[in-house]
Amino acid sequence: MPFADTEAMQAHLAEISLAVDPGAHAVLMLDQAGWHMSARLAVPDNITLLPLPPRSPELNPVENVWQFMRDNWLSNRVFRS
């Protein structure tokens with residue numbers, strides 16, 4: 001999807017819902033981006049959204065991925081031009 005918006009989030013939730021086994025339940029940890037917490041979202045019954053507190057990147061596991069990328073691939077580069 002070319003945009004991070006409520007429509008994209010709705011499609012993402014629908015795909016996750018289809019992947020959850022019958023009788024199981026998915027819990028999604030999310031930052032509080034507007035499209036993650038929009039009142040317009042129709043959250044499927046087999047998914048619970050668990051918002052992280054504001055300004056708490058240390059609780060967001062993906063932040064470790066960004067830091068790893070900065071440390072290993074996105075820093076200390078020398079370009080010819």
# chains A, B, ... in the order shown; residues from 1 in each chain; ligands from 1

$ residues_around --residues "stretch 48-58 of chain A" --least-positions-apart "3" --cutoff "7 Å" --atoms "only C-alpha atoms" --output "list in words"
Ala26, Val27, Leu28, Met29, Leu30, Asp31, Gln32 and Glu63 of chain A

$ select_by_dssp --residues "chain A" --states "helix (DSSP H, G or I)" --output "MDAnalysis selection string"
chainID A and resid 6:19 57:59 62:72

$ residues_around --residues "stretch 1-14 of chain A" --least-positions-apart "6" --cutoff "12 Å" --atoms "only C-alpha atoms" --output "number ranges by chain"
A: 20, 26-28, 30, 33-49

$ atom_distance --atom1 "atom CA of A:Asn72" --atom2 "atom CA of A:Leu59"
21.6 Å

$ select_by_dssp --residues "chain A" --states "strand (DSSP E)" --output "PyMOL selection string"
chain A and resi 26-30+47-51

$ decode --residues "chain A" --atoms "C-alpha atoms" --output "CSV table (one decimal), in the first residue's frame"
chain,number,residue,atom,x,y,z
A,1,MET,CA,0.0,0.0,0.0
A,2,PRO,CA,1.4,3.4,-0.9
A,3,PHE,CA,0.0,5.2,2.2
A,4,ALA,CA,0.0,4.7,5.9
A,5,ASP,CA,-3.6,5.6,6.7
A,6,THR,CA,-6.7,4.2,8.2
A,7,GLU,CA,-7.7,2.4,5.0
A,8,ALA,CA,-4.3,0.7,4.9
A,9,MET,CA,-4.6,-0.2,8.6
A,10,GLN,CA,-8.1,-1.6,8.0
A,11,ALA,CA,-6.7,-3.9,5.2
A,12,HIS,CA,-3.8,-4.9,7.4
A,13,LEU,CA,-6.2,-5.9,10.3
A,14,ALA,CA,-8.3,-7.9,7.9
A,15,GLU,CA,-5.3,-9.9,6.6
A,16,ILE,CA,-4.1,-10.6,10.2
A,17,SER,CA,-7.6,-11.6,11.2
A,18,LEU,CA,-7.7,-14.2,8.4
A,19,ALA,CA,-4.3,-15.6,9.5
A,20,VAL,CA,-5.4,-16.1,13.1
A,21,ASP,CA,-6.4,-19.7,13.8
A,22,PRO,CA,-10.0,-20.4,14.6
A,23,GLY,CA,-10.5,-20.1,18.4
A,24,ALA,CA,-7.3,-18.1,18.8
A,25,HIS,CA,-6.9,-14.4,19.4
A,26,ALA,CA,-4.2,-11.9,18.3
A,27,VAL,CA,-2.9,-9.0,20.4
A,28,LEU,CA,-1.2,-6.3,18.4
A,29,MET,CA,1.2,-3.9,20.2
A,30,LEU,CA,1.0,-0.5,18.4
A,31,ASP,CA,2.4,3.0,18.8
A,32,GLN,CA,-0.3,5.6,18.8
A,33,ALA,CA,0.0,6.8,15.2
A,34,GLY,CA,-3.3,8.3,14.1
A,35,TRP,CA,-4.1,5.5,11.7
A,36,HIS,CA,-3.4,2.8,14.3
A,37,MET,CA,-5.9,4.2,16.8
A,38,SER,CA,-8.5,5.8,14.5
A,39,ALA,CA,-12.1,5.6,15.7
A,40,ARG,CA,-13.0,4.7,12.1
A,41,LEU,CA,-11.2,1.3,12.4
A,42,ALA,CA,-13.4,-1.8,12.6
A,43,VAL,CA,-11.2,-4.1,14.7
A,44,PRO,CA,-12.1,-7.8,14.0
A,45,ASP,CA,-13.4,-9.8,17.0
A,46,ASN,CA,-10.3,-12.0,17.0
A,47,ILE,CA,-7.9,-9.1,17.4
A,48,THR,CA,-7.1,-6.8,20.3
A,49,LEU,CA,-5.2,-3.6,19.9
A,50,LEU,CA,-2.7,-2.8,22.7
A,51,PRO,CA,-1.5,0.8,22.4
A,52,LEU,CA,1.9,1.6,23.8
A,53,PRO,CA,2.2,4.7,26.0
A,54,PRO,CA,3.1,7.9,24.2
A,55,ARG,CA,6.8,8.8,23.9
A,56,SER,CA,8.0,5.3,24.9
A,57,PRO,CA,10.2,4.0,22.1
A,58,GLU,CA,12.0,1.7,24.6
A,59,LEU,CA,8.8,-0.4,24.7
A,60,ASN,CA,8.5,-0.7,21.0
A,61,PRO,CA,10.5,-3.8,19.8
A,62,VAL,CA,10.9,-2.5,16.2
A,63,GLU,CA,13.0,0.4,17.6
A,64,ASN,CA,15.7,-2.1,18.2
A,65,VAL,CA,15.6,-3.0,14.5
A,66,TRP,CA,16.0,0.7,13.5
A,67,GLN,CA,19.0,1.1,15.9
A,68,PHE,CA,20.6,-2.1,14.5
A,69,MET,CA,20.3,-0.7,11.0
A,70,ARG,CA,21.7,2.7,12.0
A,71,ASP,CA,24.6,1.0,13.8
A,72,ASN,CA,25.4,-1.5,11.0
A,73,TRP,CA,24.3,-0.2,7.7
A,74,LEU,CA,23.2,3.5,7.8
A,75,SER,CA,26.2,5.1,9.5
A,76,ASN,CA,29.8,5.8,8.7
A,77,ARG,CA,29.4,5.8,4.9
A,78,VAL,CA,31.8,7.5,2.6
A,79,PHE,CA,30.4,8.4,-0.9
A,80,ARG,CA,32.5,9.2,-3.9
A,81,SER,CA,30.5,12.3,-4.8
